[in-house]
$ cat upload11.txt   # compact mmCIF, C-alpha atoms and all ligand atoms
# COMPACT_ATOMS: atom_id res chain seq x y z
CA MET O 7 89.80 53.21 223.68
CA LEU O 8 91.31 54.36 226.98
CA ASN O 9 90.06 57.28 229.07
CA PHE O 10 91.87 60.53 228.39
CA ASP O 11 92.03 64.20 229.35
CA TYR O 12 93.39 66.26 226.47
CA GLU O 13 94.13 69.97 226.23
CA ASN O 14 96.48 71.86 223.97
CA LYS O 15 96.64 75.55 224.67
CA THR O 16 99.20 76.51 222.01
CA ARG O 17 97.80 79.06 219.58
CA ILE O 18 99.08 78.35 216.06
CA ILE O 19 99.54 81.32 213.74
CA PHE O 20 100.18 79.95 210.26
CA GLY O 21 101.10 81.42 206.90
CA GLU O 22 103.28 83.66 204.81
CA ASP O 23 104.82 86.66 206.61
CA THR O 24 103.14 85.75 209.91
CA HIS O 25 106.47 85.96 211.78
CA LYS O 26 106.47 89.70 211.14
CA THR O 27 103.45 90.04 213.47
CA VAL O 28 105.31 88.61 216.46
CA GLY O 29 105.59 91.97 218.25
CA GLU O 30 101.85 92.60 218.11
CA VAL O 31 101.04 89.08 219.30
CA LEU O 32 103.58 89.27 222.13
CA LYS O 33 102.58 92.70 223.40
CA PRO O 34 99.74 91.69 225.74
CA HIS O 35 101.89 88.93 227.30
CA ALA O 36 105.34 90.41 227.82
CA SER O 37 107.21 93.36 229.33
CA LYS O 38 110.72 92.05 228.82
CA VAL O 39 111.57 89.25 226.43
CA LEU O 40 114.51 86.89 226.07
CA LEU O 41 115.06 86.36 222.34
CA HIS O 42 116.66 82.92 222.08
CA TYR O 43 118.13 81.43 218.88
CA GLY O 44 120.68 79.05 217.41
CA GLY O 45 123.89 79.22 215.46
CA GLY O 46 123.17 81.89 212.91
CA SER O 47 120.70 80.60 210.32
CA ILE O 48 118.14 83.18 211.49
CA LYS O 49 120.58 85.96 210.62
CA SER O 50 121.45 84.68 207.14
CA THR O 51 117.79 84.05 206.29
CA GLY O 52 116.64 87.53 207.35
CA VAL O 53 114.23 86.20 209.99
CA TYR O 54 116.28 87.85 212.76
CA ASP O 55 115.87 91.34 211.23
CA ASP O 56 112.13 90.83 210.78
CA VAL O 57 111.74 89.78 214.42
CA ILE O 58 113.82 92.65 215.78
CA ASN O 59 111.89 95.16 213.66
CA SER O 60 108.58 93.80 214.89
CA LEU O 61 109.68 93.88 218.56
CA LYS O 62 110.94 97.45 218.20
CA ALA O 63 107.83 98.62 216.34
CA ASN O 64 105.79 97.41 219.31
CA ASN O 65 108.14 98.90 221.93
CA ILE O 66 108.95 95.52 223.43
CA ASP O 67 112.09 95.52 225.54
CA PHE O 68 114.32 92.46 224.95
CA VAL O 69 117.67 90.80 225.61
CA GLU O 70 119.26 88.18 223.35
CA LEU O 71 120.92 84.82 223.80
CA GLY O 72 122.03 82.98 220.66
CA GLY O 73 124.32 79.99 220.18
CA VAL O 74 122.00 77.04 220.83
CA LYS O 75 123.53 73.94 219.24
CA PRO O 76 121.59 70.96 217.87
CA ASN O 77 121.17 68.60 220.84
CA PRO O 78 120.91 71.68 223.10
CA ARG O 79 123.34 71.87 226.00
CA LEU O 80 122.70 72.35 229.69
CA SER O 81 125.55 74.88 229.99
CA LEU O 82 123.81 77.40 227.71
CA VAL O 83 120.52 76.77 229.51
CA ASN O 84 122.20 77.75 232.79
CA GLU O 85 123.55 80.91 231.15
CA GLY O 86 120.01 81.72 229.98
CA ILE O 87 118.52 81.19 233.44
CA LYS O 88 121.05 83.60 234.95
CA LEU O 89 120.35 86.18 232.27
CA CYS O 90 116.56 85.97 232.75
CA ILE O 91 116.88 86.47 236.49
CA GLU O 92 119.35 89.37 236.20
CA GLU O 93 117.33 91.10 233.49
CA ASN O 94 113.86 90.49 234.96
CA VAL O 95 112.73 88.72 231.81
CA ASP O 96 109.07 87.70 231.93
CA PHE O 97 108.68 85.97 228.55
CA ILE O 98 110.89 83.85 226.27
CA LEU O 99 110.67 83.92 222.49
CA ALA O 100 112.43 81.00 220.80
CA VAL O 101 113.25 81.51 217.13
CA GLY O 102 114.53 78.22 215.75
CA GLY O 103 113.91 74.49 215.71
CA GLY O 104 113.45 71.90 218.41
CA SER O 105 116.84 72.59 219.93
CA VAL O 106 116.23 76.30 220.44
CA ILE O 107 112.68 75.73 221.66
CA ASP O 108 113.73 73.06 224.16
CA SER O 109 116.53 75.26 225.43
CA ALA O 110 113.98 78.08 225.85
CA LYS O 111 111.53 75.86 227.72
CA THR O 112 114.25 74.72 230.10
CA ILE O 113 115.42 78.26 230.75
CA ALA O 114 111.77 79.13 231.44
CA LEU O 115 111.67 76.31 233.99
CA GLY O 116 114.96 77.20 235.65
CA ALA O 117 114.07 80.88 235.94
CA LYS O 118 111.07 80.05 238.12
CA ASN O 119 112.52 77.30 240.30
CA GLU O 120 115.30 77.29 242.86
CA GLY O 121 118.12 74.77 242.55
CA ASP O 122 119.64 72.89 239.63
CA VAL O 123 117.27 72.69 236.66
CA TRP O 124 118.85 69.34 235.66
CA ASP O 125 117.15 67.75 238.70
CA PHE O 126 113.81 67.98 236.90
CA PHE O 127 115.23 65.83 234.10
CA LEU O 128 116.80 63.35 236.50
CA THR O 129 113.84 62.94 238.85
CA ASN O 130 110.79 63.97 236.78
CA LYS O 131 109.52 65.90 239.82
CA ASP O 132 106.77 68.54 239.56
CA ASN O 133 107.78 72.16 239.16
CA ASN O 134 106.60 75.39 240.79
CA GLY O 135 106.02 77.25 237.54
CA ALA O 136 107.75 78.37 234.38
CA LEU O 137 108.05 81.59 232.42
CA PRO O 138 105.70 81.65 229.42
CA THR O 139 107.31 80.84 226.07
CA SER O 140 106.42 81.21 222.42
CA THR O 141 108.12 80.21 219.19
CA ILE O 142 108.79 81.14 215.62
CA LEU O 143 109.49 77.75 214.11
CA THR O 144 112.32 77.69 211.56
CA ILE O 145 112.39 73.93 210.88
CA PRO O 146 109.40 71.60 211.01
CA ALA O 147 110.64 68.46 212.76
CA ALA O 148 110.61 68.03 216.53
CA GLY O 149 107.08 69.30 217.17
CA SER O 150 108.31 71.15 220.25
CA GLU O 151 106.38 74.23 219.08
CA ALA O 152 103.18 72.69 220.48
CA SER O 153 104.49 70.00 222.81
CA SER O 154 104.78 70.04 226.58
CA GLY O 155 108.29 68.56 226.63
CA ALA O 156 111.92 69.55 226.33
CA VAL O 157 114.98 67.40 225.64
CA ILE O 158 118.35 68.57 226.95
CA THR O 159 121.87 67.22 226.77
CA ASN O 160 124.05 67.32 229.85
CA GLU O 161 127.34 67.42 227.98
CA ASP O 162 129.50 66.70 231.04
CA LYS O 163 127.58 63.50 231.84
CA GLU O 164 126.87 62.47 228.21
CA LEU O 165 123.19 62.23 229.10
CA LYS O 166 120.25 63.36 226.98
CA LEU O 167 117.00 63.40 228.94
CA SER O 168 113.51 64.76 228.52
CA TYR O 169 111.16 66.52 230.91
CA GLY O 170 107.57 67.49 230.26
CA ARG O 171 104.73 69.32 231.97
CA GLU O 172 101.70 71.23 230.64
CA ASN O 173 103.13 74.56 231.80
CA LEU O 174 106.01 74.18 229.30
CA ARG O 175 103.72 74.21 226.27
CA PRO O 176 104.28 77.42 224.31
CA ILE O 177 101.57 80.10 224.51
CA PHE O 178 101.74 80.57 220.74
CA SER O 179 103.80 79.37 217.81
CA ILE O 180 104.25 81.06 214.47
CA ILE O 181 104.65 78.82 211.42
CA ASN O 182 105.57 80.46 208.12
CA PRO O 183 106.27 77.78 205.48
CA LYS O 184 108.43 80.20 203.47
CA ILE O 185 111.02 80.20 206.26
CA TYR O 186 111.74 76.54 205.43
CA PHE O 187 112.94 77.28 201.88
CA THR O 188 116.52 77.65 203.16
CA LEU O 189 116.75 74.25 204.84
CA PRO O 190 119.43 71.91 203.46
CA ALA O 191 118.37 68.46 202.18
CA ASN O 192 119.69 66.57 205.21
CA GLN O 193 117.73 68.75 207.66
CA ILE O 194 114.56 68.30 205.60
CA ALA O 195 115.04 64.53 205.73
CA ASN O 196 115.85 64.51 209.46
CA GLY O 197 112.75 66.57 210.20
CA VAL O 198 110.49 64.39 208.09
CA CYS O 199 111.78 61.27 209.81
CA ASP O 200 111.33 62.72 213.31
CA MET O 201 107.73 63.76 212.70
CA MET O 202 106.91 60.35 211.19
CA ILE O 203 108.30 58.57 214.23
CA HIS O 204 106.33 60.86 216.57
CA ILE O 205 103.22 59.51 214.88
CA MET O 206 104.41 55.91 214.78
CA GLU O 207 105.32 55.83 218.48
CA ARG O 208 101.68 56.66 219.15
CA TYR O 209 100.21 54.56 216.36
CA PHE O 210 101.80 51.25 217.35
CA THR O 211 99.76 50.21 220.35
CA ASN O 212 98.16 47.19 221.95
CA THR O 213 95.06 49.25 222.81
CA LYS O 214 92.01 48.08 220.86
CA ASN O 215 89.22 50.14 219.24
CA THR O 216 91.27 53.18 218.25
CA GLU O 217 89.88 53.56 214.75
CA LEU O 218 89.57 57.33 214.49
CA ILE O 219 93.06 58.14 215.74
CA ASP O 220 94.52 55.24 213.71
CA GLY O 221 93.02 56.86 210.61
CA LEU O 222 94.37 60.30 211.49
CA CYS O 223 97.83 58.80 212.03
CA GLU O 224 97.74 56.95 208.73
CA SER O 225 96.57 59.99 206.81
CA THR O 226 99.21 62.23 208.41
CA LEU O 227 101.98 59.73 207.66
CA LYS O 228 100.95 59.46 204.00
CA THR O 229 100.74 63.24 203.67
CA ILE O 230 104.26 63.58 205.06
CA MET O 231 105.78 60.98 202.73
CA LYS O 232 104.07 62.37 199.63
CA ASN O 233 105.09 65.95 200.30
CA ALA O 234 108.62 65.06 201.44
CA LEU O 235 109.26 63.57 198.00
CA ILE O 236 107.93 66.75 196.37
CA LEU O 237 110.33 68.83 198.51
CA LYS O 238 113.21 66.59 197.54
CA GLU O 239 112.77 67.80 193.96
CA ASP O 240 111.59 71.32 194.74
CA ASN O 241 112.60 72.62 198.17
CA LYS O 242 110.79 75.92 197.62
CA ASN O 243 107.34 74.45 197.10
CA TYR O 244 105.14 76.49 199.47
CA GLU O 245 102.16 74.13 199.40
CA ALA O 246 104.30 71.06 200.13
CA TRP O 247 105.99 72.89 203.01
CA SER O 248 102.56 73.89 204.35
CA GLU O 249 101.49 70.25 204.49
CA ILE O 250 104.75 69.14 206.10
CA ALA O 251 104.74 71.93 208.67
CA LEU O 252 101.16 71.32 209.71
CA ALA O 253 101.80 67.57 209.88
CA GLY O 254 104.91 68.12 212.02
CA THR O 255 102.92 70.11 214.58
CA ILE O 256 99.96 67.72 214.66
CA ALA O 257 102.36 64.76 214.89
CA HIS O 258 103.51 65.86 218.33
CA ASN O 259 100.83 68.08 219.89
CA GLY O 260 99.36 65.09 221.70
CA LEU O 261 96.19 64.65 219.62
CA LEU O 262 97.40 61.51 217.86
CA GLY O 263 98.14 59.81 221.16
CA ILE O 264 94.80 60.17 222.91
CA GLY O 265 92.88 57.13 224.09
CA ARG O 266 95.73 54.68 223.53
CA GLU O 267 98.84 53.28 225.16
CA GLN O 268 101.92 54.75 223.46
CA ASP O 269 105.37 53.36 222.77
CA TRP O 270 108.40 55.65 223.04
CA ALA O 271 111.09 52.96 222.83
CA SER O 272 112.64 54.25 219.60
CA HIS O 273 113.05 57.75 221.03
CA ASN O 274 114.65 56.43 224.20
CA ILE O 275 116.97 54.19 222.23
CA GLU O 276 117.90 57.05 219.87
CA HIS O 277 118.60 59.57 222.64
CA GLU O 278 121.64 57.49 223.63
CA LEU O 279 123.08 57.94 220.14
CA SER O 280 122.58 61.71 220.29
CA ALA O 281 123.98 61.90 223.84
CA ILE O 282 127.20 60.03 223.11
CA TYR O 283 127.83 60.60 219.40
CA ASP O 284 125.99 63.93 218.92
CA VAL O 285 124.07 62.61 215.91
CA ALA O 286 121.05 64.50 214.58
CA HIS O 287 117.92 63.14 216.28
CA GLY O 288 115.98 62.45 213.05
CA ALA O 289 118.95 60.67 211.48
CA GLY O 290 119.34 58.47 214.57
CA LEU O 291 115.65 57.56 214.44
CA ALA O 292 115.92 56.46 210.80
CA VAL O 293 118.40 53.82 211.98
CA VAL O 294 116.66 52.82 215.21
CA THR O 295 112.97 52.64 214.32
CA PRO O 296 113.01 50.06 211.48
CA ALA O 297 115.28 47.90 213.66
CA TRP O 298 112.82 48.29 216.54
CA MET O 299 109.90 47.40 214.26
CA THR O 300 111.63 44.26 213.01
CA TYR O 301 112.41 43.22 216.59
CA VAL O 302 108.90 43.71 218.05
CA TYR O 303 106.40 43.22 215.22
CA LYS O 304 105.51 39.63 216.13
CA THR O 305 104.16 40.83 219.50
CA ASN O 306 101.28 42.54 217.71
CA VAL O 307 101.49 41.52 214.10
CA ASP O 308 97.98 42.83 213.27
CA MET O 309 99.05 46.40 213.97
CA PHE O 310 102.10 46.05 211.75
CA VAL O 311 99.97 44.50 209.01
CA GLN O 312 97.58 47.46 209.29
CA PHE O 313 100.52 49.85 208.95
CA ALA O 314 101.87 47.94 205.94
CA ILE O 315 98.54 48.00 204.13
CA ASN O 316 97.09 51.39 205.10
CA VAL O 317 100.30 53.45 205.15
CA MET O 318 102.82 51.70 202.94
CA GLY O 319 100.29 50.38 200.38
CA VAL O 320 101.31 46.73 200.68
CA ASP O 321 99.05 44.44 198.65
CA VAL O 322 96.94 42.07 200.76
CA ALA O 323 97.60 39.42 198.11
CA TYR O 324 100.76 38.67 200.12
CA ARG O 325 98.35 36.79 202.46
CA ASP O 326 100.87 35.74 205.10
CA SER O 327 100.77 38.25 208.00
CA ASP O 328 104.50 38.12 208.67
CA LYS O 329 105.28 38.77 205.03
CA ILE O 330 102.91 41.74 204.89
CA ALA O 331 104.34 43.23 208.09
CA LEU O 332 107.94 42.79 206.93
CA GLU O 333 107.14 44.24 203.51
CA GLY O 334 105.74 47.35 205.27
CA ILE O 335 109.00 47.76 207.20
CA LYS O 336 111.00 47.26 204.01
CA ARG O 337 109.01 49.97 202.24
CA LEU O 338 109.53 52.36 205.14
CA LYS O 339 113.28 51.75 204.83
CA ASN O 340 113.06 52.32 201.09
CA PHE O 341 111.39 55.67 201.74
CA PHE O 342 114.15 56.64 204.20
CA ARG O 343 116.72 55.53 201.60
CA GLU O 344 115.05 57.73 199.00
CA MET O 345 115.31 60.64 201.45
CA GLU O 346 119.02 59.79 201.80
CA LEU O 347 118.69 59.08 205.51
CA PRO O 348 121.12 56.70 207.25
CA LEU O 349 119.89 53.14 207.78
CA ARG O 350 122.67 51.53 209.80
CA LEU O 351 124.83 52.64 212.73
CA GLU O 352 127.79 52.41 210.34
CA ASP O 353 126.19 55.16 208.25
CA LEU O 354 126.45 57.35 211.37
CA ASN O 355 130.09 56.26 211.92
CA ILE O 356 129.11 54.43 215.11
CA ASP O 357 130.88 51.14 215.84
CA ASP O 358 130.00 48.35 218.30
CA ASN O 359 132.11 49.61 221.19
CA LYS O 360 129.43 51.30 223.28
CA LEU O 361 126.30 49.35 222.36
CA GLU O 362 126.09 47.54 225.68
CA LEU O 363 126.77 50.74 227.61
CA MET O 364 124.04 52.56 225.66
CA ALA O 365 121.54 49.73 226.17
CA LYS O 366 122.17 49.79 229.91
CA LYS O 367 121.96 53.58 230.06
CA ALA O 368 118.71 53.66 228.06
CA THR O 369 117.06 51.28 230.53
CA ASN O 370 118.78 52.71 233.59
CA PHE O 371 120.03 49.18 234.28
CA GLU O 372 122.97 50.12 236.52
CA SER O 373 120.68 51.84 239.05
CA GLY O 374 119.30 48.44 240.06
CA LYS O 375 115.81 49.61 239.06
CA GLU O 376 115.74 48.70 235.39
CA ASN O 377 113.23 50.78 233.45
CA LEU O 378 111.62 48.68 230.71
CA LEU O 379 111.13 50.65 227.50
CA GLY O 380 108.16 50.71 225.15
CA GLY O 381 104.52 49.71 225.10
CA VAL O 382 103.93 47.20 222.29
CA LYS O 383 106.69 45.03 223.76
CA LYS O 384 108.44 45.85 227.02
CA LEU O 385 112.17 45.94 226.38
CA ASN O 386 114.95 45.23 228.87
CA TRP O 387 118.57 46.18 228.27
CA GLU O 388 119.28 42.95 226.39
CA ASP O 389 116.41 43.66 223.98
CA VAL O 390 117.75 47.17 223.43
CA PHE O 391 121.23 45.77 222.87
CA ALA O 392 119.80 43.37 220.26
CA ILE O 393 118.06 46.27 218.52
CA TYR O 394 121.33 48.27 218.38
CA LYS O 395 123.05 45.19 216.98
O1 LIG P 401 121.55 76.70 214.64
P1 LIG P 401 121.12 77.24 213.34
O2 LIG P 401 122.13 78.04 212.63
O3 LIG P 401 119.77 77.93 213.43
O4 LIG P 401 120.94 75.95 212.34
C1 LIG P 401 119.93 74.97 212.56
C2 LIG P 401 120.52 73.66 213.06
O5 LIG P 401 121.84 73.49 212.64
C3 LIG P 401 119.35 74.58 211.23
N1 LIG P 401 118.22 75.42 210.80
C4 LIG P 401 117.09 75.66 211.52
N2 LIG P 401 116.25 76.40 210.79
C5 LIG P 401 116.85 76.65 209.60
C6 LIG P 401 118.12 76.02 209.62
N3 LIG P 401 118.96 76.09 208.56
C7 LIG P 401 118.56 76.77 207.46
N4 LIG P 401 117.35 77.38 207.39
C8 LIG P 401 116.46 77.34 208.42
N5 LIG P 401 115.25 77.89 208.30
O6 LIG P 401 118.87 73.28 211.43
C9 LIG P 401 119.72 72.60 212.34
C10 LIG P 401 118.94 71.70 213.24
O7 LIG P 401 118.18 72.41 214.16
P2 LIG P 401 117.51 71.69 215.42
O8 LIG P 401 116.71 72.70 216.17
O9 LIG P 401 118.52 70.92 216.16
O10 LIG P 401 116.54 70.63 214.70
P3 LIG P 401 115.21 69.96 215.19
O11 LIG P 401 114.05 70.88 215.07
O12 LIG P 401 115.18 68.68 214.46
O13 LIG P 401 115.38 69.70 216.76
C11 LIG P 401 116.06 68.57 217.24
C12 LIG P 401 116.02 68.57 218.75
O14 LIG P 401 114.66 68.45 219.22
C13 LIG P 401 114.59 67.39 220.18
C14 LIG P 401 115.63 66.43 219.67
O15 LIG P 401 115.99 65.48 220.63
C15 LIG P 401 116.77 67.36 219.29
O16 LIG P 401 117.54 67.71 220.41
N6 LIG P 401 113.22 66.90 220.29
C16 LIG P 401 112.35 67.64 221.00
C17 LIG P 401 111.04 67.24 221.22
C18 LIG P 401 110.11 68.03 222.03
N7 LIG P 401 110.60 69.01 222.76
O17 LIG P 401 108.90 67.80 222.07
C19 LIG P 401 110.55 65.97 220.68
C20 LIG P 401 111.42 65.35 219.67
O18 LIG P 401 111.21 63.97 219.71
C21 LIG P 401 112.87 65.59 219.82
O19 LIG P 401 113.43 64.65 220.73
ZN ZN P 402 111.58 63.09 218.01
$ encode --input "upload11.txt" --output "structure tokens"
Amino acid sequence: MLNFDYENKTRIIFGEDTHKTVGEVLKPHASKVLLHYGGGSIKSTGVYDDVINSLKANNIDFVELGGVKPNPRLSLVNEGIKLCIEENVDFILAVGGGSVIDSAKTIALGAKNEGDVWDFFLTNKDNNGALPTSTILTIPAAGSEASSGAVITNEDKELKLSYGRENLRPIFSIINPKIYFTLPANQIANGVCDMMIHIMERYFTNTKNTELIDGLCESTLKTIMKNALILKEDNKNYEAWSEIALAGTIAHNGLLGIGREQDWASHNIEHELSAIYDVAHGAGLAVVTPAWMTYVYKTNVDMFVQFAINVMGVDVAYRDSDKIALEGIKRLKNFFREMELPLRLEDLNIDDNKLELMAKKATNFESGKENLLGGVKKLNWEDVFAIYK
């Protein structure tokens, strides 16, 4: 196990009706709030009215900025930064999924730092502070409700980049599983896939002696798959949503990555698909990750055998390590198929035209300082190209 230094300050408030307490929880932290949300689901589901009522009941002054799109855009972030400065906002409340939360985190960053907020994403430089944020999560998926990162799309440059620092982690996040009853089947599947890959990008490692966290990863993955299939039949099953929501947060709050080298190749490879073709992140990962696994498994076949046996229930009677590992990948694909996720670029209506461009962008090849992706196997642009293929 490697040395680590782990802290997660995000308070999690979990359960039915908890979002109605947001005003009380916010009161000690905020004088003026930016209420940030997406394209309208919070209005049709009634969550918006509950939040407004709770803010008003607690005399919390607020301004609003809606309209965040999936794969959140830099242009709206810049609008939000301007609004926060003009209105003296001192706290941001994101009500939505990963896109709204990431937009909120980036506004929080831009409101406290001079210059173009995009520079943080380009250079990964340290920041001089950020407004505090909190969330009411409306879709369990990205894990941004307890993560230190944000992912933003610069629509003019067709770039989707991430930036993370501890001071971007939300102060608190409210998770009410009932809010997820309105999610359509494709969003449920996308979310389930994203949270699984957050675990797998930590799980697959060359670090030795990581037994406890391996076990937590395996258990969380199995819990997600079991309950996802329940939700497929019954999307208003409160207990199944509770398991999925908790798993989604734990998948990405950092705990499952401690003491081990991680591998974020699939995410980096997927971000190019979202940046250029605006595909949903979880759907892109369903295509990329099994292809990545098939490409790299021989580098550390034992880890892929462990995954096949402990997560996908492959019978050790297969004996041959390669066969066991490949059967595990096949079963993962079968699960994605059952969730009606895409499995090939064709399923996302993406042809071969930009594969080389995306591979070079993902590894920053054109800069002359190629950035190798991943941990299990270090990937150059040609490897990434082969994975897209
Ligand atoms: O915009 P509205 O109308 O709210 O509709 C949303 C959106 O269309 C809808 N939705 C959300 N809650 C709903 C609902 N529809 C019905 N009922 C509800 N209760 O769902 C759609 C997708 O929302 P989005 O926020 O885009 O989904 P998700 O949470 O999957 O977030 C994806 C984004 O998170 C980033 C991804 O790259 C992507 O941009 N990620 C952020 C991470 C982080 N900050 O730590 C890590 C992840 O790896 C990921 O990269
Ligand atoms: Zn993700």
$ residues_near_ligand --input "upload11.txt" --ligand "ligand LIG 401 (chain P)" --cutoff "8 Å" --atoms "all atoms listed in the file" --output "PyMOL selection string"
chain O and resi 43-48+51+73-78+102-108+143-159+166+168+185-190+193+196-197+200-201+204+258+273+277+280+286-288
$ residues_around --input "upload11.txt" --residues "Gly29 in chain O" --least-positions-apart "4" --cutoff "12 Å" --atoms "all atoms listed in the file" --output "compact mmCIF listing (two decimals) with C-alpha atoms, keeping the file's coordinate frame"
# COMPACT_ATOMS: atom_id res chain seq x y z
CA THR O 24 103.14 85.75 209.91
CA HIS O 25 106.47 85.96 211.78
CA LYS O 33 102.58 92.70 223.40
CA PRO O 34 99.74 91.69 225.74
CA HIS O 35 101.89 88.93 227.30
CA ALA O 36 105.34 90.41 227.82
CA SER O 37 107.21 93.36 229.33
CA LYS O 38 110.72 92.05 228.82
CA VAL O 39 111.57 89.25 226.43
CA LEU O 41 115.06 86.36 222.34
CA ASP O 56 112.13 90.83 210.78
CA VAL O 57 111.74 89.78 214.42
CA ILE O 58 113.82 92.65 215.78
CA ASN O 59 111.89 95.16 213.66
CA SER O 60 108.58 93.80 214.89
CA LEU O 61 109.68 93.88 218.56
CA LYS O 62 110.94 97.45 218.20
CA ALA O 63 107.83 98.62 216.34
CA ASN O 64 105.79 97.41 219.31
CA ASN O 65 108.14 98.90 221.93
CA ILE O 66 108.95 95.52 223.43
CA ASP O 67 112.09 95.52 225.54
CA PHE O 68 114.32 92.46 224.95
CA LEU O 99 110.67 83.92 222.49
CA SER O 140 106.42 81.21 222.42
CA ILE O 142 108.79 81.14 215.62
CA ILE O 180 104.25 81.06 214.47
$ closest_residue --input "upload11.txt" --among "O:Gln268, O:Ile203, O:Glu276, O:Lys228" --to "Met318 in chain O" --atoms "all atoms listed in the file"
O:Lys228
$ atom_distance --input "upload11.txt" --atom1 "CA of Met345 in chain O" --atom2 "CA of Val294 in chain O"
15.9 Å
$ closest_residue --input "upload11.txt" --among "O:Asn274, O:Ser327, O:Asn233, O:Asn370" --to "ligand ZN 402 (chain P)" --atoms "all atoms listed in the file"
O:Asn274
$ closest_residue --input "upload11.txt" --among "O:Lys111, O:Lys184, O:Arg208, O:Lys360" --to "Gly21 in chain O" --atoms "all atoms listed in the file"
O:Lys184
$ atom_distance --input "upload11.txt" --atom1 "CA of Asn316 in chain O" --atom2 "CA of Glu346 in chain O"
23.7 Å
$ residues_around --input "upload11.txt" --residues "Phe391 in chain O" --least-positions-apart "3" --cutoff "6 Å" --atoms "all atoms listed in the file" --output "JSON list (two decimals) with C-alpha atoms, keeping the file's coordinate frame"
[["chain", "number", "residue", "atom", "x", "y", "z"],
["O", 362, "GLU", "CA", 126.09, 47.54, 225.68],
["O", 365, "ALA", "CA", 121.54, 49.73, 226.17],
["O", 388, "GLU", "CA", 119.28, 42.95, 226.39],
["O", 394, "TYR", "CA", 121.33, 48.27, 218.38]]
$ closest_residue --input "upload11.txt" --among "O:Ala292, O:Leu261, O:Leu165, O:Ile181" --to "ligand ZN 402 (chain P)" --atoms "all atoms listed in the file"
O:Ala292
$ residues_around --input "upload11.txt" --residues "Gly221 in chain O" --least-positions-apart "5" --cutoff "10 Å" --atoms "all atoms listed in the file" --output "list in words"
Tyr209, Thr216, Thr226, Leu227, Leu262, Asn316 and Val317 of chain O
$ closest_residue --input "upload11.txt" --among "O:Asn160, O:Asn84, O:Asn212, O:Asn173" --to "Leu128 in chain O" --atoms "only C-alpha atoms"
O:Asn160
